[in-house]
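Asks: This is the content of final-v4.txt (compact mmCIF, C-alpha atoms and all ligand atoms):
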```txt
# COMPACT_ATOMS: atom_id res chain seq x y z
CA MET A 1 28.11 7.41 10.61
CA LYS A 2 28.83 4.17 12.48
CA ASN A 3 25.39 2.63 12.15
CA ILE A 4 21.89 3.07 10.87
CA TYR A 5 19.12 4.68 12.95
CA PRO A 6 16.90 2.35 15.03
CA TRP A 7 13.79 3.03 12.92
CA GLN A 8 15.60 1.85 9.78
CA ASN A 9 16.21 -1.75 10.89
CA GLU A 10 13.56 -3.36 8.76
CA VAL A 11 14.52 -1.68 5.50
CA TRP A 12 18.18 -2.36 6.32
CA GLN A 13 17.58 -6.09 6.61
CA ILE A 14 16.06 -6.13 3.15
CA LEU A 15 18.68 -4.04 1.37
CA ALA A 16 21.77 -5.34 3.15
CA ARG A 17 20.98 -9.03 2.79
CA ASP A 18 19.25 -9.33 -0.53
CA HIS A 19 21.43 -8.47 -3.48
CA ALA A 20 18.54 -8.69 -5.93
CA SER A 21 16.47 -6.18 -3.95
CA ARG A 22 18.96 -3.45 -4.73
CA GLY A 23 19.06 -3.75 -8.50
CA HIS A 24 21.45 -1.27 -10.10
CA ALA A 25 19.76 1.90 -8.86
CA LEU A 26 17.99 2.75 -5.61
CA LEU A 27 15.82 5.74 -4.92
CA LEU A 28 15.56 6.42 -1.19
CA LYS A 29 12.66 8.77 -0.59
CA GLY A 30 11.00 10.11 2.53
CA ALA A 31 10.57 13.14 4.77
CA LYS A 32 13.40 15.55 5.46
CA GLY A 33 15.38 14.97 8.66
CA ILE A 34 14.79 11.23 9.13
CA GLY A 35 18.31 10.06 8.27
CA LYS A 36 18.06 9.06 4.60
CA LEU A 37 21.52 10.33 3.69
CA GLY A 38 23.13 8.66 6.72
CA PHE A 39 21.44 5.41 5.76
CA ALA A 40 22.60 5.69 2.15
CA GLN A 41 26.17 6.39 3.24
CA TYR A 42 26.19 3.48 5.65
CA LEU A 43 24.78 1.20 2.97
CA ALA A 44 27.55 2.29 0.60
CA LYS A 45 30.19 1.71 3.25
CA TYR A 46 28.76 -1.71 4.11
CA LEU A 47 28.61 -2.82 0.48
CA LEU A 48 32.20 -1.69 -0.06
CA CYS A 49 33.46 -3.28 3.16
CA GLU A 50 35.79 -6.21 2.53
CA LYS A 51 34.98 -8.09 5.75
CA PRO A 52 31.36 -7.37 6.67
CA SER A 53 30.13 -9.15 9.81
CA SER A 54 27.50 -11.88 9.81
CA LYS A 55 25.15 -9.32 11.41
CA SER A 56 25.26 -7.21 8.24
CA GLU A 57 27.58 -4.53 9.62
CA ALA A 58 30.64 -2.91 8.11
CA CYS A 59 33.83 -4.09 9.88
CA GLU A 60 35.24 -0.53 10.36
CA ASN A 61 38.77 -1.96 10.03
CA CYS A 62 39.45 -3.04 6.46
CA PRO A 63 41.15 -0.65 4.00
CA SER A 64 37.78 -0.01 2.37
CA CYS A 65 36.10 1.06 5.63
CA ARG A 66 39.05 3.29 6.50
CA TRP A 67 39.12 4.96 3.09
CA PHE A 68 35.41 5.47 3.27
CA GLU A 69 35.64 7.20 6.66
CA GLN A 70 38.48 9.39 5.40
CA GLY A 71 36.42 10.39 2.35
CA GLY A 72 38.82 8.91 -0.22
CA HIS A 73 37.41 5.59 -1.39
CA PRO A 74 38.33 5.11 -5.07
CA ASP A 75 35.12 3.17 -5.84
CA TYR A 76 32.76 5.65 -4.25
CA CYS A 77 31.54 9.07 -5.26
CA LEU A 78 29.12 11.41 -3.50
CA VAL A 79 27.55 13.89 -5.92
CA GLU A 80 26.07 16.99 -4.27
CA PRO A 81 25.43 20.58 -5.32
CA GLU A 82 28.50 22.76 -4.87
CA ALA A 83 26.71 24.82 -2.21
CA LEU A 84 26.19 21.75 -0.06
CA SER A 85 29.69 20.31 -0.36
CA GLU A 86 31.21 23.75 0.30
CA LEU A 87 29.06 23.99 3.38
CA SER A 88 30.27 20.66 4.73
CA ASP A 89 33.88 21.54 3.81
CA GLU A 90 33.46 24.80 5.70
CA ILE A 91 32.10 23.00 8.74
CA LYS A 92 34.97 20.51 8.60
CA MET A 93 37.42 23.39 8.25
CA ARG A 94 35.87 25.22 11.19
CA VAL A 95 36.01 22.13 13.37
CA ARG A 96 39.60 21.56 12.36
CA SER A 97 40.70 25.14 12.86
CA ASP A 98 38.92 25.31 16.21
CA ALA A 99 40.68 22.15 17.29
CA GLU A 100 44.06 23.39 16.18
CA ALA A 101 43.32 26.97 17.24
CA ASN A 102 45.19 28.08 14.16
CA PRO A 103 44.53 31.75 13.39
CA GLU A 104 46.07 31.52 9.90
CA VAL A 105 43.41 29.11 8.72
CA LYS A 106 40.66 31.46 9.81
CA SER A 107 42.05 34.55 8.13
CA SER A 108 43.15 32.98 4.84
CA ASN A 109 39.65 32.65 3.40
CA THR A 110 38.72 36.23 2.63
CA LYS A 111 38.59 36.43 -1.21
CA PRO A 112 35.14 37.22 -2.59
CA LYS A 113 33.90 34.18 -4.50
CA LYS A 114 31.22 33.31 -7.02
CA LYS A 115 28.08 32.04 -5.31
CA PRO A 116 28.24 28.24 -5.20
CA SER A 117 25.55 26.49 -7.21
CA LYS A 118 22.58 24.88 -5.49
CA GLN A 119 22.11 22.51 -8.43
CA ILE A 120 23.87 19.35 -9.50
CA SER A 121 25.24 20.18 -12.94
CA VAL A 122 25.58 18.04 -16.05
CA ALA A 123 29.36 18.41 -15.72
CA GLN A 124 29.22 16.69 -12.34
CA ILE A 125 27.36 13.75 -13.88
CA ARG A 126 29.75 13.60 -16.84
CA ASP A 127 32.67 13.57 -14.43
CA LEU A 128 31.44 10.16 -13.29
CA THR A 129 32.25 8.61 -16.68
CA ASP A 130 35.68 7.34 -15.65
CA LEU A 131 34.41 5.80 -12.46
CA ILE A 132 31.53 4.17 -14.33
CA ASN A 133 33.59 2.81 -17.21
CA MET A 134 36.60 1.53 -15.31
CA SER A 135 36.50 -1.68 -13.35
CA SER A 136 36.46 -1.23 -9.61
CA HIS A 137 39.74 -0.79 -7.71
CA ARG A 138 38.90 -3.30 -5.00
CA GLY A 139 37.02 -5.81 -7.15
CA GLY A 140 33.64 -5.06 -5.59
CA TYR A 141 30.92 -2.53 -6.20
CA LYS A 142 31.34 1.00 -7.51
CA ILE A 143 28.84 3.22 -5.75
CA ILE A 144 27.54 6.61 -6.79
CA LEU A 145 25.43 8.49 -4.25
CA ILE A 146 23.40 11.44 -5.54
CA HIS A 147 22.03 13.79 -2.91
CA PRO A 148 19.61 15.55 -2.98
CA ALA A 149 18.61 13.97 -6.28
CA GLU A 150 15.99 16.64 -7.01
CA THR A 151 18.71 19.28 -7.31
CA MET A 152 19.95 17.77 -10.59
CA ASN A 153 19.10 20.19 -13.38
CA ALA A 154 17.38 18.87 -16.50
CA ALA A 155 20.61 18.24 -18.41
CA ALA A 156 22.15 16.43 -15.45
CA ALA A 157 19.06 14.28 -14.97
CA ASN A 158 19.07 13.32 -18.66
CA ALA A 159 22.75 12.47 -18.57
CA LEU A 160 22.15 10.25 -15.55
CA LEU A 161 19.17 8.64 -17.24
CA LYS A 162 21.44 7.38 -20.03
CA ASN A 163 23.53 5.56 -17.43
CA LEU A 164 20.48 4.06 -15.80
CA GLU A 165 19.12 2.87 -19.15
CA GLU A 166 22.31 0.96 -19.87
CA PRO A 167 23.49 0.09 -16.40
CA PRO A 168 27.24 -0.38 -16.23
CA PRO A 169 28.35 -3.61 -14.53
CA GLN A 170 29.09 -3.70 -10.79
CA THR A 171 27.78 -0.19 -10.33
CA LEU A 172 25.12 0.87 -7.87
CA PHE A 173 23.49 4.29 -8.05
CA ILE A 174 21.82 5.51 -4.85
CA LEU A 175 19.57 8.55 -5.25
CA VAL A 176 18.33 10.29 -2.10
CA THR A 177 15.41 12.69 -2.16
CA HIS A 178 12.66 14.21 -0.04
CA ARG A 179 10.97 15.60 -3.16
CA PRO A 180 10.53 12.62 -5.49
CA HIS A 181 7.83 14.49 -7.44
CA TYR A 182 10.55 16.90 -8.66
CA LEU A 183 12.39 14.05 -10.40
CA LEU A 184 11.90 12.95 -14.00
CA PRO A 185 9.35 10.12 -13.99
CA THR A 186 11.59 8.17 -16.37
CA LEU A 187 14.40 8.44 -13.84
CA CYS A 188 12.20 7.21 -10.99
CA SER A 189 10.94 4.28 -13.03
CA ARG A 190 14.52 3.09 -13.61
CA CYS A 191 15.19 2.91 -9.88
CA ARG A 192 14.08 0.56 -7.20
CA GLN A 193 12.06 2.96 -5.02
CA ILE A 194 12.37 2.61 -1.28
CA ALA A 195 10.06 4.56 1.05
CA MET A 196 12.28 5.42 4.00
CA PRO A 197 10.49 5.12 7.36
CA THR A 198 9.76 8.00 9.71
CA PRO A 199 10.08 6.90 13.35
CA ASP A 200 6.96 6.86 15.48
CA PHE A 201 6.74 9.40 18.30
CA THR A 202 8.08 7.13 21.07
CA GLN A 203 10.99 5.89 18.96
CA ALA A 204 11.93 9.45 18.05
CA ILE A 205 11.72 10.67 21.66
CA ASP A 206 13.80 7.71 22.89
CA TRP A 207 16.45 8.44 20.31
CA LEU A 208 16.54 12.15 21.10
CA ASP A 209 16.78 11.32 24.81
CA GLN A 210 19.84 9.20 24.06
CA GLN A 211 21.38 12.15 22.25
CA GLY A 212 21.03 14.19 25.45
CA ILE A 213 18.49 16.70 24.19
CA LYS A 214 16.97 18.86 26.93
CA ASN A 215 13.44 19.18 25.70
CA PRO A 216 12.90 16.40 23.16
CA LYS A 217 9.12 16.71 22.83
CA ALA A 218 9.10 20.41 22.04
CA SER A 219 12.09 20.12 19.67
CA LEU A 220 10.54 17.19 17.85
CA ALA A 221 7.21 18.99 17.39
CA VAL A 222 8.86 22.16 16.08
CA ALA A 223 10.94 20.06 13.69
CA GLY A 224 7.78 18.56 12.20
CA TYR A 225 8.50 15.18 13.87
CA ALA A 226 11.78 14.64 12.04
CA PRO A 227 14.30 13.60 14.73
CA LEU A 228 17.50 14.64 12.94
CA ALA A 229 16.08 18.08 12.28
CA ALA A 230 15.12 18.27 15.97
CA LEU A 231 18.67 17.42 16.95
CA GLU A 232 20.06 20.04 14.61
CA TYR A 233 17.73 22.78 15.88
CA ASN A 234 18.48 21.93 19.46
CA ASN A 235 22.21 22.28 18.97
CA GLU A 236 22.17 25.68 17.39
CA GLU A 237 21.06 29.20 18.13
CA TYR A 238 18.19 28.17 15.91
CA PHE A 239 15.85 27.45 18.78
CA VAL A 240 16.50 30.78 20.49
CA GLN A 241 15.83 32.70 17.26
CA TYR A 242 12.77 30.64 16.52
CA GLU A 243 11.28 31.21 19.96
CA ALA A 244 11.98 34.94 19.77
CA PHE A 245 10.20 35.10 16.42
CA ILE A 246 7.15 33.22 17.69
CA LYS A 247 7.06 35.43 20.78
CA HIS A 248 7.00 38.52 18.54
CA ILE A 249 4.18 37.35 16.34
CA SER A 250 2.11 35.92 19.19
CA THR A 251 2.30 39.02 21.42
CA LEU A 252 -0.04 41.13 19.37
CA LYS A 253 -0.06 44.13 21.74
CA SER A 254 3.56 44.90 20.95
CA PHE A 255 3.82 43.23 17.48
CA ASN A 256 5.31 45.62 14.94
CA PRO A 257 5.75 44.10 11.46
CA ILE A 258 8.12 46.84 10.23
CA PHE A 259 10.38 46.49 13.25
CA LEU A 260 10.38 42.68 13.02
CA ALA A 261 11.10 42.78 9.26
CA GLU A 262 14.13 44.96 9.93
CA GLU A 263 15.30 42.68 12.69
CA MET A 264 14.95 39.51 10.60
CA GLN A 265 16.27 40.82 7.27
CA LYS A 266 19.60 38.97 7.62
CA SER A 267 17.90 35.66 8.45
CA ASP A 268 17.42 32.82 6.02
CA LEU A 269 14.09 33.71 4.39
CA PRO A 270 12.81 30.23 3.55
CA THR A 271 13.34 29.31 7.21
CA VAL A 272 11.38 32.35 8.44
CA VAL A 273 8.51 31.60 6.05
CA ASN A 274 8.54 28.03 7.28
CA TRP A 275 8.25 29.23 10.90
CA LEU A 276 5.27 31.36 9.99
CA GLN A 277 3.71 28.47 8.04
CA LYS A 278 3.95 26.18 11.07
CA TRP A 279 2.55 28.88 13.33
CA CYS A 280 -0.42 29.61 11.06
CA TYR A 281 -0.98 25.89 10.56
CA ASP A 282 -1.40 25.54 14.33
CA LEU A 283 -3.72 28.56 14.49
CA ILE A 284 -6.08 27.16 11.90
CA SER A 285 -5.80 23.60 13.13
CA PHE A 286 -6.73 24.67 16.66
CA ARG A 287 -9.58 26.85 15.41
CA LEU A 288 -11.09 24.00 13.38
CA THR A 289 -10.21 20.84 15.31
CA GLY A 290 -8.86 21.96 18.70
CA ARG A 291 -5.52 20.26 17.94
CA ILE A 292 -1.99 21.66 17.80
CA ARG A 293 0.87 20.04 15.89
CA TYR A 294 4.01 22.14 16.31
CA HIS A 295 3.69 24.53 19.27
CA LEU A 296 2.63 22.13 21.97
CA SER A 297 3.37 24.45 24.89
CA MET A 298 1.43 27.41 23.48
CA GLN A 299 -2.12 26.16 23.60
CA THR A 300 -3.39 28.93 25.89
CA THR A 301 -1.91 31.69 23.72
CA ILE A 302 -3.18 30.08 20.51
CA LYS A 303 -6.67 29.62 21.97
CA ALA A 304 -6.88 33.28 22.93
CA LEU A 305 -5.54 34.45 19.56
CA VAL A 306 -7.75 32.50 17.20
CA ALA A 307 -11.11 33.02 18.92
CA LYS A 308 -11.84 36.18 16.94
CA ILE A 309 -10.10 35.28 13.66
CA ASP A 310 -12.05 34.31 10.55
CA PRO A 311 -10.80 30.80 9.67
CA ARG A 312 -11.38 31.40 5.94
CA GLN A 313 -9.04 34.37 5.98
CA LEU A 314 -6.54 32.37 7.97
CA ALA A 315 -6.73 29.55 5.40
CA ARG A 316 -6.23 32.06 2.58
CA TYR A 317 -3.17 33.51 4.30
CA LEU A 318 -1.73 30.04 4.90
CA ARG A 319 -2.16 29.30 1.19
CA SER A 320 -0.43 32.56 0.26
CA LEU A 321 2.53 31.45 2.38
CA ILE A 322 3.09 28.55 -0.04
CA ASP A 323 3.78 31.10 -2.78
CA MET A 324 5.88 33.14 -0.36
CA GLN A 325 7.92 30.03 0.40
CA ARG A 326 8.72 29.63 -3.31
CA LEU A 327 9.55 33.32 -3.75
CA SER A 328 11.66 33.39 -0.61
CA HIS A 329 14.48 31.57 -2.41
CA HIS A 330 14.96 34.47 -4.84
CA PRO A 331 13.60 37.67 -3.24
CA LEU A 332 14.38 41.01 -4.82
CA ASN A 333 14.66 42.68 -1.44
CA HIS A 334 14.76 40.74 1.84
CA ARG A 335 13.34 43.49 3.96
CA LEU A 336 10.43 44.36 1.64
CA PHE A 337 9.62 40.70 1.31
CA LEU A 338 9.40 40.32 5.09
CA GLU A 339 7.46 43.55 5.52
CA GLU A 340 4.82 42.46 3.03
CA MET A 341 4.45 39.05 4.61
CA LEU A 342 4.29 40.38 8.18
CA ILE A 343 1.97 43.31 7.43
CA SER A 344 -0.50 40.84 5.89
CA TYR A 345 -0.19 38.77 9.04
CA ALA A 346 -0.81 41.87 11.22
CA MET A 347 -3.95 42.69 9.19
CA LEU A 348 -5.17 39.14 9.52
CA MET A 349 -4.69 39.21 13.30
CA ALA A 350 -6.16 42.70 13.79
CA PRO A 351 -9.50 41.44 15.22
CA ALA A 352 -7.61 39.59 17.97
CA ARG A 353 -5.73 42.74 18.86
CA SER A 354 -8.76 44.97 19.57
CA LYS A 355 -10.04 43.66 22.85
ZN ZN B 401 35.27 -3.07 6.41
```
Do you think you could lay out the structure here as structure tokens?
Replies:
Amino acid sequence: MKNIYPWQNEVWQILARDHASRGHALLLKGAKGIGKLGFAQYLAKYLLCEKPSSKSEACENCPSCRWFEQGGHPDYCLVEPEALSELSDEIKMRVRSDAEANPEVKSSNTKPKKKPSKQISVAQIRDLTDLINMSSHRGGYKIILIHPAETMNAAAANALLKNLEEPPPQTLFILVTHRPHYLLPTLCSRCRQIAMPTPDFTQAIDWLDQQGIKNPKASLAVAGYAPLAALEYNNEEYFVQYEAFIKHISTLKSFNPIFLAEEMQKSDLPTVVNWLQKWCYDLISFRLTGRIRYHLSMQTTIKALVAKIDPRQLARYLRSLIDMQRLSHHPLNHRLFLEEMLISYAMLMAPARSK
């Protein structure tokens, strides 16, 4: 990342200029998809830069900036769950192998492997000991970025807490999270907490326009008003799949929960539950207040659907989806899980079907 996002200017001015405001540990918290990680990485790069500009920007040219961009800075460590770093390695690998069009790279990775962990382990925190205890290579800060901080398991969080209680010199910890309530309160209280801003609607649309997105308003709404998520959705098959799913569940005449469950069984379950949550949120919101949050272009369909639905039942179903969201991370059987969720939806919508 070469710069921060436009909506982060104010918080940048505070953290970049004022040494005291950073303390020895920062906790950057805020909604998902608003650029917290990018901000944290740019802050780390800027603080490590050996010739920062008077405008509080990293120079991009010194050895520090170059090492940082290449992912090999000796005074910097990004701690992530294995699953996340493998994912980014895989993406890098794919980009590289596509660029080189090298068939050997593609075929070499076929061994079955243990599932990568979605948690940050205590071993990962203990591995930081050398970095923490040694003096920095370049005479400046040593920076440890932990993302997403809520994925630290209890042992990892406690191990980190020890470091925060006796902060090592010249070391800055940056924790990034969109679920601060999942963190140990003692951990939070040791950090300087920074609420990361969400851009307002116009700012987000302007930014998405600059990124060349075709339909920024619709993408932004579907992404829950998080611009980076909107950009991600727009660039992938995601949007096509999402629209097909919404078309299925909103065309009640032909809606068949068993068929749809079979069709979606290979999809990422938490994502599918999230789609249904947003859809049902709009149904109930329109029924009660006449307003729609996520599916801006579907007002006519939503209006026709909810007229005959009991809002209390709708509210109950929406609440049950919160439990489904939790269960969706560890389902016993993908297809049964989807069938149960979609059959309940079909029953809920039955009055709208019989015209
Ligand atoms: Zn530099």
Asks: Which residues of chain A have any atom within 10 Å of an atom in ligand ZN 401 (chain B) when counting all atoms listed in the file, and what is the closest pair of atoms for each, with the distance in Å to one decimal? Order the rows by chain and rising number and write it as JSON lines.
Replies:
```
{"residue": "A:Lys45", "atom": "CA", "partner": "B:ZN401", "partner_atom": "ZN", "distance": 7.7}
{"residue": "A:Tyr46", "atom": "CA", "partner": "B:ZN401", "partner_atom": "ZN", "distance": 7.0}
{"residue": "A:Leu47", "atom": "CA", "partner": "B:ZN401", "partner_atom": "ZN", "distance": 8.9}
{"residue": "A:Leu48", "atom": "CA", "partner": "B:ZN401", "partner_atom": "ZN", "distance": 7.3}
{"residue": "A:Cys49", "atom": "CA", "partner": "B:ZN401", "partner_atom": "ZN", "distance": 3.7}
{"residue": "A:Glu50", "atom": "CA", "partner": "B:ZN401", "partner_atom": "ZN", "distance": 5.0}
{"residue": "A:Lys51", "atom": "CA", "partner": "B:ZN401", "partner_atom": "ZN", "distance": 5.1}
{"residue": "A:Pro52", "atom": "CA", "partner": "B:ZN401", "partner_atom": "ZN", "distance": 5.8}
{"residue": "A:Ser53", "atom": "CA", "partner": "B:ZN401", "partner_atom": "ZN", "distance": 8.7}
{"residue": "A:Glu57", "atom": "CA", "partner": "B:ZN401", "partner_atom": "ZN", "distance": 8.5}
{"residue": "A:Ala58", "atom": "CA", "partner": "B:ZN401", "partner_atom": "ZN", "distance": 4.9}
{"residue": "A:Cys59", "atom": "CA", "partner": "B:ZN401", "partner_atom": "ZN", "distance": 3.9}
{"residue": "A:Glu60", "atom": "CA", "partner": "B:ZN401", "partner_atom": "ZN", "distance": 4.7}
{"residue": "A:Asn61", "atom": "CA", "partner": "B:ZN401", "partner_atom": "ZN", "distance": 5.2}
{"residue": "A:Cys62", "atom": "CA", "partner": "B:ZN401", "partner_atom": "ZN", "distance": 4.2}
{"residue": "A:Pro63", "atom": "CA", "partner": "B:ZN401", "partner_atom": "ZN", "distance": 6.8}
{"residue": "A:Ser64", "atom": "CA", "partner": "B:ZN401", "partner_atom": "ZN", "distance": 5.7}
{"residue": "A:Cys65", "atom": "CA", "partner": "B:ZN401", "partner_atom": "ZN", "distance": 4.3}
{"residue": "A:Arg66", "atom": "CA", "partner": "B:ZN401", "partner_atom": "ZN", "distance": 7.4}
{"residue": "A:Trp67", "atom": "CA", "partner": "B:ZN401", "partner_atom": "ZN", "distance": 9.5}
{"residue": "A:Phe68", "atom": "CA", "partner": "B:ZN401", "partner_atom": "ZN", "distance": 9.1}
```
Asks: For the contact check between range 184-220 of chain A and range 15-22 of chain A, emit one row per residue of range 184-220 of chain A within 10 Å, containing the shortest atom pair and the distance in Å rounded to one decimal, counting all atoms listed in the file, chain then rising number order, as JSON lines.
Replies:
```
{"residue": "A:Cys191", "atom": "CA", "partner": "A:Arg22", "partner_atom": "CA", "distance": 9.0}
{"residue": "A:Arg192", "atom": "CA", "partner": "A:Arg22", "partner_atom": "CA", "distance": 6.8}
{"residue": "A:Gln193", "atom": "CA", "partner": "A:Arg22", "partner_atom": "CA", "distance": 9.4}
{"residue": "A:Ile194", "atom": "CA", "partner": "A:Leu15", "partner_atom": "CA", "distance": 9.5}
```
Asks: Taking all atoms of range 250-265 of chain A that the file lists and extending 8 Å past them on each side, where is the centre of the axis-aligned box and how long are its edges? Answer in Å to one decimal, as lines of an AutoDock Vina configuration file.
Replies:
```
center_x = 8.1
center_y = 41.4
center_z = 14.5
size_x = 32.3
size_y = 26.9
size_z = 30.5
```
Asks: From the list A:Ala315, A:Leu228, A:Leu336, A:Ile302, which residue is nearest Gly38 in chain A when using all atoms listed in the file?
Replies: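 Ranking A:Ala315, A:Leu228, A:Leu336, A:Ile302 by distance to Gly38 in chain A, first place goes to A:Leu228.
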Asks: Would you pick out the contacts of Ser344 in chain A at 12 Å or less, using only C-alpha atoms, so that residues sharing its chain but fewer than 4 positions from it are not included, and give the list as a PDB file with C-alpha atoms, keeping the file's coordinate frame?
Replies:
```pdb
ATOM      1  CA  ILE A 249       4.180  37.350  16.340  1.00  0.00           C
ATOM      2  CA  ASN A 256       5.310  45.620  14.940  1.00  0.00           C
ATOM      3  CA  PRO A 257       5.750  44.100  11.460  1.00  0.00           C
ATOM      4  CA  ILE A 258       8.120  46.840  10.230  1.00  0.00           C
ATOM      5  CA  LEU A 276       5.270  31.360   9.990  1.00  0.00           C
ATOM      6  CA  GLN A 313      -9.040  34.370   5.980  1.00  0.00           C
ATOM      7  CA  LEU A 314      -6.540  32.370   7.970  1.00  0.00           C
ATOM      8  CA  ARG A 316      -6.230  32.060   2.580  1.00  0.00           C
ATOM      9  CA  TYR A 317      -3.170  33.510   4.300  1.00  0.00           C
ATOM     10  CA  LEU A 318      -1.730  30.040   4.900  1.00  0.00           C
ATOM     11  CA  SER A 320      -0.430  32.560   0.260  1.00  0.00           C
ATOM     12  CA  LEU A 321       2.530  31.450   2.380  1.00  0.00           C
ATOM     13  CA  MET A 324       5.880  33.140  -0.360  1.00  0.00           C
ATOM     14  CA  PHE A 337       9.620  40.700   1.310  1.00  0.00           C
ATOM     15  CA  LEU A 338       9.400  40.320   5.090  1.00  0.00           C
ATOM     16  CA  GLU A 339       7.460  43.550   5.520  1.00  0.00           C
ATOM     17  CA  GLU A 340       4.820  42.460   3.030  1.00  0.00           C
ATOM     18  CA  LEU A 348      -5.170  39.140   9.520  1.00  0.00           C
ATOM     19  CA  MET A 349      -4.690  39.210  13.300  1.00  0.00           C
ATOM     20  CA  ALA A 350      -6.160  42.700  13.790  1.00  0.00           C
TER      21      ALA A 350
END
```
Asks: Which is closer to Glu82 in chain A than all the others in A:Ala307, A:Ile120, A:Ala244, A:Leu283, using only C-alpha atoms?
Replies: A:Ile120
